[in-house]
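Everything below belongs to data_26.pdb, which stores PDB, C-alpha atoms.
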```pdb
ATOM      1  CA  MET U   1       0.000   0.000   0.000
ATOM      2  CA  PRO U   2       1.428   3.420  -0.899
ATOM      3  CA  GLU U   3       2.639   5.619   1.927
ATOM      4  CA  ARG U   4       2.865   9.367   2.266
ATOM      5  CA  VAL U   5       6.420  10.298   3.125
ATOM      6  CA  LEU U   6       8.611  13.316   3.600
ATOM      7  CA  LEU U   7      11.751  13.158   1.472
ATOM      8  CA  PHE U   8      14.883  15.012   2.506
ATOM      9  CA  ARG U   9      18.614  15.043   2.048
ATOM     10  CA  ILE U  10      21.483  15.192   4.510
ATOM     11  CA  GLY U  11      24.868  15.419   2.835
ATOM     12  CA  ASP U  12      24.852  13.033  -0.117
ATOM     13  CA  SER U  13      22.262  10.703   1.399
ATOM     14  CA  PHE U  14      18.528  10.712   0.754
ATOM     15  CA  PHE U  15      16.058   9.809   3.478
ATOM     16  CA  SER U  16      12.337   9.445   4.008
ATOM     17  CA  LEU U  17      10.054   9.509   7.009
ATOM     18  CA  PRO U  18       6.331   8.856   7.416
ATOM     19  CA  PHE U  19       4.699  12.220   6.844
ATOM     20  CA  SER U  20       2.375  11.537   9.758
ATOM     21  CA  ASN U  21       5.354  12.060  12.077
ATOM     22  CA  VAL U  22       6.260  15.468  10.667
ATOM     23  CA  GLU U  23       4.850  18.235  12.779
ATOM     24  CA  GLU U  24       6.474  21.151  11.041
ATOM     25  CA  ILE U  25       9.240  22.165   8.663
ATOM     26  CA  VAL U  26      10.922  25.315   9.909
ATOM     27  CA  SER U  27      13.271  27.664   8.109
ATOM     28  CA  THR U  28      16.598  28.555   9.667
ATOM     29  CA  GLU U  29      15.457  32.148  10.151
ATOM     30  CA  ARG U  30      14.008  30.932  13.428
ATOM     31  CA  VAL U  31      17.254  29.307  14.574
ATOM     32  CA  ALA U  32      19.500  30.942  17.142
ATOM     33  CA  ARG U  33      22.715  29.986  18.848
ATOM     34  CA  ARG U  34      22.554  29.282  22.538
ATOM     35  CA  GLU U  35      24.330  32.481  23.538
ATOM     36  CA  ALA U  36      21.875  34.535  21.486
ATOM     37  CA  LEU U  37      18.753  33.130  23.088
ATOM     38  CA  PRO U  38      16.521  35.609  24.898
ATOM     39  CA  ASP U  39      16.588  35.542  28.678
ATOM     40  CA  ASN U  40      13.228  33.867  28.908
ATOM     41  CA  ALA U  41      14.288  30.961  26.682
ATOM     42  CA  ASN U  42      15.608  29.134  29.720
ATOM     43  CA  PRO U  43      17.655  26.417  27.980
ATOM     44  CA  VAL U  44      18.262  24.513  31.175
ATOM     45  CA  GLY U  45      19.463  20.962  31.068
ATOM     46  CA  ASP U  46      20.358  20.868  27.419
ATOM     47  CA  ASN U  47      23.741  21.658  25.950
ATOM     48  CA  SER U  48      22.587  22.040  22.368
ATOM     49  CA  GLU U  49      24.387  24.835  20.583
ATOM     50  CA  GLU U  50      21.479  25.714  18.359
ATOM     51  CA  TRP U  51      17.827  26.238  19.117
ATOM     52  CA  VAL U  52      14.728  26.826  17.064
ATOM     53  CA  PHE U  53      11.747  28.984  17.960
ATOM     54  CA  THR U  54       8.481  27.299  17.168
ATOM     55  CA  ARG U  55       5.013  27.371  18.696
ATOM     56  CA  GLU U  56       5.976  30.000  21.227
ATOM     57  CA  GLU U  57       8.931  28.124  22.664
ATOM     58  CA  TRP U  58      12.615  27.481  22.051
ATOM     59  CA  MET U  59      13.604  23.898  21.354
ATOM     60  CA  PRO U  60      17.099  22.419  21.071
ATOM     61  CA  ILE U  61      18.086  21.141  17.639
ATOM     62  CA  GLY U  62      19.568  17.678  17.605
ATOM     63  CA  GLN U  63      21.458  15.560  15.150
ATOM     64  CA  LEU U  64      19.253  13.105  13.325
ATOM     65  CA  LEU U  65      21.973  10.532  12.721
ATOM     66  CA  ALA U  66      25.169  10.567  14.726
ATOM     67  CA  GLY U  67      28.169  11.043  12.487
ATOM     68  CA  ILE U  68      26.181  12.480   9.600
ATOM     69  CA  ASN U  69      26.250  16.209   9.674
ATOM     70  CA  ALA U  70      23.972  18.354   7.615
ATOM     71  CA  SER U  71      26.396  20.617   5.786
ATOM     72  CA  SER U  72      24.195  23.425   4.564
ATOM     73  CA  ARG U  73      21.468  22.943   7.208
ATOM     74  CA  ASN U  74      18.778  24.836   5.373
ATOM     75  CA  GLN U  75      15.765  23.527   7.238
ATOM     76  CA  VAL U  76      14.713  22.117  10.578
ATOM     77  CA  LEU U  77      12.346  19.175  10.868
ATOM     78  CA  MET U  78      10.040  19.016  13.834
ATOM     79  CA  LEU U  79       9.318  15.322  14.309
ATOM     80  CA  ARG U  80       6.661  13.963  16.585
ATOM     81  CA  ARG U  81       6.394  10.516  18.017
ATOM     82  CA  GLN U  82       4.383   9.271  20.970
ATOM     83  CA  GLY U  83       3.621  12.750  22.226
ATOM     84  CA  ARG U  84       7.216  13.953  22.043
ATOM     85  CA  THR U  85       8.539  16.464  19.539
ATOM     86  CA  ASP U  86      12.198  16.871  18.558
ATOM     87  CA  ALA U  87      13.976  19.207  16.152
ATOM     88  CA  TYR U  88      16.633  18.184  13.636
ATOM     89  CA  PHE U  89      18.651  19.949  10.964
ATOM     90  CA  VAL U  90      18.474  18.695   7.382
ATOM     91  CA  ASP U  91      20.160  20.053   4.297
ATOM     92  CA  GLN U  92      17.143  20.068   2.030
ATOM     93  CA  VAL U  93      13.527  18.980   2.136
ATOM     94  CA  LEU U  94      12.850  17.433  -1.258
ATOM     95  CA  GLY U  95       9.121  17.058  -1.057
ATOM     96  CA  ILE U  96       6.143  15.168   0.231
ATOM     97  CA  GLU U  97       5.176  12.240  -1.946
ATOM     98  CA  THR U  98       2.971   9.187  -1.952
ATOM     99  CA  LEU U  99       5.264   6.284  -2.761
ATOM    100  CA  PRO U 100       5.064   2.488  -2.737
ATOM    101  CA  LYS U 101       5.826   0.877   0.594
ATOM    102  CA  SER U 102       9.541   0.685   1.293
ATOM    103  CA  ARG U 103      11.306  -2.618   0.815
ATOM    104  CA  PRO U 104      13.702  -4.079   3.354
ATOM    105  CA  LEU U 105      17.356  -3.139   3.264
ATOM    106  CA  PRO U 106      19.300  -6.008   1.636
ATOM    107  CA  GLU U 107      20.351  -8.239   4.492
ATOM    108  CA  PRO U 108      24.118  -8.119   3.752
ATOM    109  CA  ALA U 109      23.952  -4.315   3.898
ATOM    110  CA  ARG U 110      21.802  -4.252   7.011
ATOM    111  CA  ARG U 111      24.450  -6.293   8.778
ATOM    112  CA  CYS U 112      26.994  -3.559   8.083
ATOM    113  CA  THR U 113      25.219  -0.678   9.796
ATOM    114  CA  ASP U 114      23.675  -0.040  13.181
ATOM    115  CA  TYR U 115      21.752   2.952  11.907
ATOM    116  CA  PRO U 116      17.976   2.814  12.198
ATOM    117  CA  PHE U 117      16.870   2.176   8.637
ATOM    118  CA  SER U 118      13.579   0.388   8.243
ATOM    119  CA  GLY U 119      13.822   0.032   4.489
ATOM    120  CA  LEU U 120      14.549   1.771   1.221
ATOM    121  CA  ARG U 121      12.990   2.958  -2.001
ATOM    122  CA  ILE U 122      14.274   3.953  -5.399
ATOM    123  CA  TRP U 123      13.091   7.496  -6.132
ATOM    124  CA  LYS U 124      14.150   9.492  -9.165
ATOM    125  CA  GLU U 125      17.368   7.509  -9.574
ATOM    126  CA  HIS U 126      18.261   7.887  -5.923
ATOM    127  CA  ILE U 127      18.333   5.319  -3.169
ATOM    128  CA  VAL U 128      16.161   6.719  -0.389
ATOM    129  CA  LEU U 129      16.611   5.251   3.074
ATOM    130  CA  GLU U 130      13.541   5.074   5.279
ATOM    131  CA  LEU U 131      14.280   6.004   8.873
ATOM    132  CA  ASP U 132      12.809   4.013  11.722
ATOM    133  CA  LEU U 133      11.553   6.726  14.044
ATOM    134  CA  SER U 134      10.904   4.277  16.849
ATOM    135  CA  ARG U 135      14.682   3.798  17.071
ATOM    136  CA  LEU U 136      15.524   7.448  16.480
ATOM    137  CA  ILE U 137      13.367   9.325  18.950
TER     138      ILE U 137
ATOM    139  CA  MET N   1      19.060 -37.361 -19.394
ATOM    140  CA  ASN N   2      20.244 -34.405 -21.429
ATOM    141  CA  LYS N   3      23.824 -35.205 -22.258
ATOM    142  CA  HIS N   4      24.739 -31.538 -21.743
ATOM    143  CA  MET N   5      23.281 -31.376 -18.255
ATOM    144  CA  ARG N   6      25.864 -30.745 -15.553
ATOM    145  CA  LEU N   7      25.166 -32.267 -12.196
ATOM    146  CA  THR N   8      27.996 -30.330 -10.612
ATOM    147  CA  ASP N   9      29.395 -27.241 -12.214
ATOM    148  CA  ASN N  10      33.065 -27.058 -11.374
ATOM    149  CA  ARG N  11      33.809 -24.164 -13.630
ATOM    150  CA  LEU N  12      35.359 -21.035 -12.211
ATOM    151  CA  ILE N  13      35.368 -17.499 -13.493
ATOM    152  CA  THR N  14      38.570 -15.547 -13.068
ATOM    153  CA  PHE N  15      39.032 -11.852 -12.498
ATOM    154  CA  HIS N  16      41.827  -9.434 -11.767
ATOM    155  CA  LEU N  17      41.880  -7.220  -8.724
ATOM    156  CA  SER N  18      44.598  -5.299  -6.906
ATOM    157  CA  GLY N  19      47.478  -7.104  -8.549
ATOM    158  CA  HIS N  20      46.090 -10.600  -8.121
ATOM    159  CA  ASP N  21      44.106 -13.009 -10.224
ATOM    160  CA  PHE N  22      41.203 -14.583  -8.378
ATOM    161  CA  ALA N  23      38.538 -17.108  -9.239
ATOM    162  CA  VAL N  24      35.101 -17.902  -7.871
ATOM    163  CA  PRO N  25      32.644 -20.655  -8.825
ATOM    164  CA  ILE N  26      30.681 -19.664 -11.885
ATOM    165  CA  GLU N  27      27.539 -21.122 -10.346
ATOM    166  CA  VAL N  28      27.272 -18.190  -7.893
ATOM    167  CA  VAL N  29      27.861 -15.526 -10.543
ATOM    168  CA  ARG N  30      24.710 -13.904 -11.877
ATOM    169  CA  GLU N  31      26.151 -11.232 -14.122
ATOM    170  CA  VAL N  32      28.839  -8.636 -14.645
ATOM    171  CA  ILE N  33      27.710  -5.014 -14.840
ATOM    172  CA  ASN N  34      29.325  -1.635 -15.065
ATOM    173  CA  ALA N  35      29.866   0.111 -11.754
ATOM    174  CA  GLU N  36      27.456   3.037 -11.580
ATOM    175  CA  LYS N  37      27.024   5.506  -8.760
ATOM    176  CA  ILE N  38      27.539   3.715  -5.462
ATOM    177  CA  ASP N  39      25.862   5.481  -2.547
ATOM    178  CA  GLN N  40      27.580   5.067   0.769
ATOM    179  CA  LEU N  41      25.293   3.657   3.415
ATOM    180  CA  PRO N  42      25.350   6.023   6.408
ATOM    181  CA  GLY N  43      27.071   4.289   9.258
ATOM    182  CA  GLY N  44      28.170   1.544   6.893
ATOM    183  CA  ARG N  45      31.105  -0.552   8.003
ATOM    184  CA  LYS N  46      33.806  -2.158   5.931
ATOM    185  CA  PRO N  47      33.801  -4.107   3.732
ATOM    186  CA  LEU N  48      30.531  -2.544   2.530
ATOM    187  CA  GLU N  49      31.225   0.070  -0.146
ATOM    188  CA  GLY N  50      27.630   1.100  -0.502
ATOM    189  CA  LEU N  51      24.424   0.530  -2.401
ATOM    190  CA  MET N  52      23.950   0.729  -6.141
ATOM    191  CA  ILE N  53      20.688   0.873  -8.069
ATOM    192  CA  TYR N  54      20.300  -2.471  -9.775
ATOM    193  CA  ARG N  55      17.817  -3.475 -12.454
ATOM    194  CA  ARG N  56      16.100  -0.111 -12.173
ATOM    195  CA  ASP N  57      14.236  -0.731  -8.934
ATOM    196  CA  GLN N  58      16.503  -2.727  -6.643
ATOM    197  CA  ALA N  59      19.422  -1.807  -4.414
ATOM    198  CA  LEU N  60      22.494  -3.968  -4.714
ATOM    199  CA  PRO N  61      24.905  -3.994  -1.784
ATOM    200  CA  VAL N  62      28.434  -3.607  -3.139
ATOM    201  CA  PHE N  63      31.357  -4.877  -1.106
ATOM    202  CA  SER N  64      35.072  -4.293  -1.302
ATOM    203  CA  LEU N  65      36.651  -7.647  -1.864
ATOM    204  CA  THR N  66      40.100  -6.366  -0.983
ATOM    205  CA  GLN N  67      38.839  -5.115   2.367
ATOM    206  CA  ALA N  68      36.924  -8.334   2.934
ATOM    207  CA  LEU N  69      40.233 -10.113   2.378
ATOM    208  CA  GLY N  70      41.783  -8.021   5.107
ATOM    209  CA  ARG N  71      43.517  -5.408   2.981
ATOM    210  CA  GLU N  72      43.060  -1.751   3.722
ATOM    211  CA  SER N  73      43.386  -0.569   0.167
ATOM    212  CA  GLU N  74      40.494   0.850  -1.777
ATOM    213  CA  THR N  75      39.053  -1.453  -4.366
ATOM    214  CA  PRO N  76      39.714  -0.289  -7.897
ATOM    215  CA  GLY N  77      37.743  -1.363 -10.924
ATOM    216  CA  ASP N  78      34.818  -0.304 -13.042
ATOM    217  CA  LEU N  79      33.049  -3.631 -13.157
ATOM    218  CA  ILE N  80      30.767  -5.219 -10.610
ATOM    219  CA  LEU N  81      30.624  -8.983 -10.328
ATOM    220  CA  VAL N  82      27.104  -9.776  -9.122
ATOM    221  CA  VAL N  83      26.856 -12.987  -7.156
ATOM    222  CA  GLU N  84      24.176 -14.818  -5.231
ATOM    223  CA  LEU N  85      25.238 -16.304  -1.929
ATOM    224  CA  ASP N  86      22.868 -17.849   0.571
ATOM    225  CA  GLY N  87      19.976 -16.450  -1.414
ATOM    226  CA  GLN N  88      21.338 -12.901  -1.174
ATOM    227  CA  MET N  89      22.367 -10.857  -4.178
ATOM    228  CA  LEU N  90      25.469  -8.758  -3.716
ATOM    229  CA  GLY N  91      28.251  -7.359  -5.797
ATOM    230  CA  PHE N  92      31.902  -6.568  -5.622
ATOM    231  CA  ARG N  93      34.086  -4.423  -7.754
ATOM    232  CA  VAL N  94      36.690  -5.993 -10.015
ATOM    233  CA  GLU N  95      39.161  -4.519 -12.464
ATOM    234  CA  LYS N  96      38.940  -7.040 -15.244
ATOM    235  CA  ILE N  97      37.062 -10.233 -15.937
ATOM    236  CA  GLY N  98      39.290 -13.064 -17.060
ATOM    237  CA  ARG N  99      37.957 -16.328 -18.394
ATOM    238  CA  VAL N 100      36.063 -19.427 -17.490
ATOM    239  CA  ILE N 101      38.327 -22.242 -16.396
ATOM    240  CA  ASP N 102      37.875 -25.790 -15.228
ATOM    241  CA  GLY N 103      37.984 -25.759 -11.469
ATOM    242  CA  SER N 104      37.617 -29.452 -10.831
ATOM    243  CA  GLY N 105      41.375 -29.801 -10.907
ATOM    244  CA  ASN N 106      40.828 -33.411  -9.925
ATOM    245  CA  GLY N 107      40.464 -32.032  -6.438
ATOM    246  CA  GLN N 108      44.028 -30.813  -6.481
ATOM    247  CA  TYR N 109      44.546 -27.186  -5.681
ATOM    248  CA  GLU N 110      47.971 -25.869  -4.906
ATOM    249  CA  PRO N 111      48.328 -24.484  -1.398
ATOM    250  CA  LEU N 112      48.463 -20.766  -0.994
ATOM    251  CA  GLU N 113      51.926 -19.276  -0.918
ATOM    252  CA  GLU N 114      52.552 -17.759   2.468
ATOM    253  CA  GLU N 115      53.884 -14.532   1.027
ATOM    254  CA  LEU N 116      50.425 -13.698  -0.292
ATOM    255  CA  ALA N 117      49.321 -13.322   3.323
ATOM    256  CA  PHE N 118      45.627 -14.009   2.891
ATOM    257  CA  ASP N 119      43.592 -15.697   5.556
ATOM    258  CA  PRO N 120      43.850 -19.371   4.518
ATOM    259  CA  GLU N 121      40.248 -19.888   5.592
ATOM    260  CA  THR N 122      39.123 -17.669   2.764
ATOM    261  CA  ILE N 123      41.174 -19.386   0.078
ATOM    262  CA  ARG N 124      40.427 -22.757  -1.451
ATOM    263  CA  GLY N 125      43.842 -22.877  -3.031
ATOM    264  CA  THR N 126      45.550 -21.776  -6.194
ATOM    265  CA  ILE N 127      45.499 -22.972  -9.762
ATOM    266  CA  ASN N 128      48.236 -22.421 -12.280
ATOM    267  CA  GLU N 129      46.436 -21.167 -15.359
ATOM    268  CA  LYS N 130      48.771 -20.678 -18.282
ATOM    269  CA  GLY N 131      51.550 -19.376 -16.102
ATOM    270  CA  LEU N 132      49.308 -17.248 -13.896
ATOM    271  CA  THR N 133      48.662 -18.071 -10.280
ATOM    272  CA  VAL N 134      44.896 -17.862  -9.803
ATOM    273  CA  ILE N 135      43.687 -17.676  -6.212
ATOM    274  CA  VAL N 136      40.446 -19.575  -5.792
ATOM    275  CA  LEU N 137      38.276 -17.890  -3.189
ATOM    276  CA  ARG N 138      35.826 -19.335  -0.730
ATOM    277  CA  LEU N 139      33.382 -16.460  -1.137
ATOM    278  CA  GLU N 140      31.133 -17.747   1.599
ATOM    279  CA  LYS N 141      34.092 -17.369   3.993
ATOM    280  CA  VAL N 142      35.372 -14.098   2.550
ATOM    281  CA  LEU N 143      31.964 -12.501   3.053
ATOM    282  CA  GLY N 144      30.927 -14.703   5.935
ATOM    283  CA  ASN N 145      30.434 -11.808   8.316
ATOM    284  CA  VAL N 146      27.744 -10.248   6.191
ATOM    285  CA  LEU N 147      25.998 -13.456   5.252
ATOM    286  CA  ASN N 148      25.500 -15.156   8.592
TER     287      ASN N 148
END
```
Could you take the file, read its structure, and then write that structure out as structure tokens?
Amino acid sequence: MPERVLLFRIGDSFFSLPFSNVEEIVSTERVARREALPDNANPVGDNSEEWVFTREEWMPIGQLLAGINASSRNQVLMLRRQGRTDAYFVDQVLGIETLPKSRPLPEPARRCTDYPFSGLRIWKEHIVLELDLSRLI
Amino acid sequence: MNKHMRLTDNRLITFHLSGHDFAVPIEVVREVINAEKIDQLPGGRKPLEGLMIYRRDQALPVFSLTQALGRESETPGDLILVVELDGQMLGFRVEKIGRVIDGSGNGQYEPLEEELAFDPETIRGTINEKGLTVIVLRLEKVLGNVLN
């Protein structure tokens, strides 16, 4: 059954997520460094260097996949799962599309990574890796 | 019975890679294709090189045979040898495809010369093919970590 997914890019890699988990896509105009936060931001208990202002509050921006840094960091994804919302930098949101269900990662490849991929798709001559949010957030 | 039917296919296909000539059983080889864009898998560990779009709508895991054999060097080559092992399709880059040779050898492979310094578990032995030393691989051992 086709699924509605958000497609985005970090570095040279293409990823997808169930669109139902995307709360918001925020531009970097609403991002501030920790030292530039207003006094009432109160970033207690979190050492994140960068924060995003959304829905009347400042939220720390995390790294979606450890070791994979968004280089241009043009957008921030607000992802929701089980009542919790987290913010992550991505390089580029590519679109929202209805695509066939993802297929499993080939087993020999899956054995070579601990990253939370639940499957993959071929989209416009790119391999798009589906992220398993239950293991991410 | 068809007189051309082979009950056991002992033929090997040879290829050149990183200064050595290797051979694998032809019965596991599905095809040889040109290496296209290989996308690194985030967090991917050696010997995985990455994923390549295969037959338009599939992703083929491509492995570095030299790294799987314990060498640190990058794998050169513009060809991908696609094999099926334990029901899994995977590929590895090679520089040049050689020829099909008889691998029955009457069960007699030469032992691996120590100076080649490969893990003996991964090598079935060597065959002298017209003056060339061809190293016959046990692919299921070479790539054992990603198959089991």
Pick out the residues sitting within 8 Å of Val83 of chain N, and hand them over as a PDB file with C-alpha atoms, in the coordinates of the input; count only C-alpha atoms, and ignore anything fewer than 3 positions along from it in its own chain.
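Dumped everything to selection39.pdb:
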```pdb
ATOM      1  CA  VAL N  28      27.272 -18.190  -7.893  1.00  0.00           C
ATOM      2  CA  VAL N  29      27.861 -15.526 -10.543  1.00  0.00           C
ATOM      3  CA  ARG N  30      24.710 -13.904 -11.877  1.00  0.00           C
ATOM      4  CA  GLU N  31      26.151 -11.232 -14.122  1.00  0.00           C
ATOM      5  CA  MET N  89      22.367 -10.857  -4.178  1.00  0.00           C
ATOM      6  CA  LEU N  90      25.469  -8.758  -3.716  1.00  0.00           C
ATOM      7  CA  GLY N  91      28.251  -7.359  -5.797  1.00  0.00           C
TER       8      GLY N  91
END
```
message: Using the chain letters and numbers from this file, what does the ChimeraX specification (/U :<8) & /N select? Give the answer as number ranges by chain.
response: N: 39-46, 48, 50-53, 57-61, 88, 90, 146-147
query: On this structure, which residues satisfy the PyMOL selection byres ((chain U and resi 58) around 10), written as a ChimeraX atom specification?
result: /U:30-32,37-38,40-43,50-57,59-61
field: Nearest candidate to Leu81 of chain N (options N:Ile135, N:Val32, N:Val24, N:Val62; using all atoms listed in the file)
entry: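 For Leu81 of chain N, the nearest of the candidates is N:Val32.
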field: Surrounding residues of Ala87 of chain U excluding itself and chain neighbours under 4 positions, 6 Å, all atoms listed in the file, as an MDAnalysis selection string
entry: chainID U and resid 61:62 77:78
query: Which residue, N:Asn145, N:Thr75, N:Asn34, N:Thr126, has the smallest gap to Gly19 of chain N when you use only C-alpha atoms?
result: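 Nearest candidate to Gly19 of chain N out of N:Asn145, N:Thr75, N:Asn34, N:Thr126: N:Thr75.
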message: One number please: atom CA of Thr85 of chain U to atom CA of Ser102 of chain U, in Å, one decimal.
response: 24.1 Å
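Minimum atom-to-atom distances from N:Tyr109, N:Glu95, N:Arg138, N:Asp86 to Gly125 of chain N were compared using all atoms listed in the file, and the lowest value belongs to N:Tyr109.
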- line: As a check of understanding: the span from atom CA of Arg9 of chain U to atom CA of Glu24 of chain U is 16.3 Å
- request: Just give me the gap between atom CA of Thr122 of chain N and atom CA of Asp78 of chain N in Å, one decimal is fine.
  value: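 Pair atom CA of Thr122 of chain N / atom CA of Asp78 of chain N returns 23.9 Å.
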Where atoms are missing, can you supply N, CA and C atoms for segment 31-55 of chain N and output the lot as a JSON list (two decimals), keeping the file's coordinate frame?
```json
[["chain", "number", "residue", "atom", "x", "y", "z"],
["N", 31, "GLU", "N", 25.81, -12.06, -12.97],
["N", 31, "GLU", "CA", 26.15, -11.23, -14.12],
["N", 31, "GLU", "C", 27.31, -10.30, -13.78],
["N", 32, "VAL", "N", 27.81, -9.66, -14.81],
["N", 32, "VAL", "CA", 28.84, -8.64, -14.64],
["N", 32, "VAL", "C", 28.26, -7.34, -15.20],
["N", 33, "ILE", "N", 28.30, -6.29, -14.41],
["N", 33, "ILE", "CA", 27.71, -5.01, -14.84],
["N", 33, "ILE", "C", 28.72, -3.90, -14.63],
["N", 34, "ASN", "N", 28.47, -2.80, -15.28],
["N", 34, "ASN", "CA", 29.32, -1.64, -15.06],
["N", 34, "ASN", "C", 29.03, -1.02, -13.70],
["N", 35, "ALA", "N", 30.07, -0.57, -13.04],
["N", 35, "ALA", "CA", 29.87, 0.11, -11.75],
["N", 35, "ALA", "C", 29.27, 1.49, -12.03],
["N", 36, "GLU", "N", 28.09, 1.72, -11.47],
["N", 36, "GLU", "CA", 27.46, 3.04, -11.58],
["N", 36, "GLU", "C", 27.69, 3.77, -10.27],
["N", 37, "LYS", "N", 26.87, 4.74, -10.01],
["N", 37, "LYS", "CA", 27.02, 5.51, -8.76],
["N", 37, "LYS", "C", 26.75, 4.59, -7.56],
["N", 38, "ILE", "N", 27.71, 4.52, -6.67],
["N", 38, "ILE", "CA", 27.54, 3.72, -5.46],
["N", 38, "ILE", "C", 27.35, 4.67, -4.29],
["N", 39, "ASP", "N", 26.17, 4.61, -3.69],
["N", 39, "ASP", "CA", 25.86, 5.48, -2.55],
["N", 39, "ASP", "C", 26.36, 4.84, -1.26],
["N", 40, "GLN", "N", 27.14, 5.59, -0.52],
["N", 40, "GLN", "CA", 27.58, 5.07, 0.77],
["N", 40, "GLN", "C", 26.37, 4.92, 1.68],
["N", 41, "LEU", "N", 26.35, 3.84, 2.43],
["N", 41, "LEU", "CA", 25.29, 3.66, 3.42],
["N", 41, "LEU", "C", 25.73, 4.36, 4.70],
["N", 42, "PRO", "N", 24.94, 5.34, 5.18],
["N", 42, "PRO", "CA", 25.35, 6.02, 6.41],
["N", 42, "PRO", "C", 25.60, 5.02, 7.53],
["N", 43, "GLY", "N", 26.72, 5.20, 8.17],
["N", 43, "GLY", "CA", 27.07, 4.29, 9.26],
["N", 43, "GLY", "C", 27.57, 2.95, 8.76],
["N", 44, "GLY", "N", 27.77, 2.84, 7.46],
["N", 44, "GLY", "CA", 28.17, 1.54, 6.89],
["N", 44, "GLY", "C", 29.60, 1.17, 7.27],
["N", 45, "ARG", "N", 29.77, -0.07, 7.61],
["N", 45, "ARG", "CA", 31.10, -0.55, 8.00],
["N", 45, "ARG", "C", 31.75, -1.32, 6.86],
["N", 46, "LYS", "N", 33.07, -1.32, 6.88],
["N", 46, "LYS", "CA", 33.81, -2.16, 5.93],
["N", 46, "LYS", "C", 33.40, -3.61, 6.15],
["N", 47, "PRO", "N", 33.35, -4.38, 5.10],
["N", 47, "PRO", "CA", 33.80, -4.11, 3.73],
["N", 47, "PRO", "C", 32.70, -3.56, 2.81],
["N", 48, "LEU", "N", 31.59, -3.07, 3.39],
["N", 48, "LEU", "CA", 30.53, -2.54, 2.53],
["N", 48, "LEU", "C", 31.00, -1.24, 1.88],
["N", 49, "GLU", "N", 30.92, -1.18, 0.56],
["N", 49, "GLU", "CA", 31.22, 0.07, -0.15],
["N", 49, "GLU", "C", 30.00, 0.95, -0.21],
["N", 50, "GLY", "N", 28.86, 0.33, -0.42],
["N", 50, "GLY", "CA", 27.63, 1.10, -0.50],
["N", 50, "GLY", "C", 26.56, 0.35, -1.26],
["N", 51, "LEU", "N", 25.56, 1.11, -1.67],
["N", 51, "LEU", "CA", 24.42, 0.53, -2.40],
["N", 51, "LEU", "C", 24.38, 1.11, -3.81],
["N", 52, "MET", "N", 24.04, 0.28, -4.75],
["N", 52, "MET", "CA", 23.95, 0.73, -6.14],
["N", 52, "MET", "C", 22.59, 0.32, -6.70],
["N", 53, "ILE", "N", 21.96, 1.23, -7.45],
["N", 53, "ILE", "CA", 20.69, 0.87, -8.07],
["N", 53, "ILE", "C", 20.93, -0.24, -9.08],
["N", 54, "TYR", "N", 20.10, -1.26, -8.98],
["N", 54, "TYR", "CA", 20.30, -2.47, -9.78],
["N", 54, "TYR", "C", 18.98, -2.85, -10.43],
["N", 55, "ARG", "N", 19.02, -3.10, -11.70],
["N", 55, "ARG", "CA", 17.82, -3.48, -12.45],
["N", 55, "ARG", "C", 16.69, -2.48, -12.22]]
```
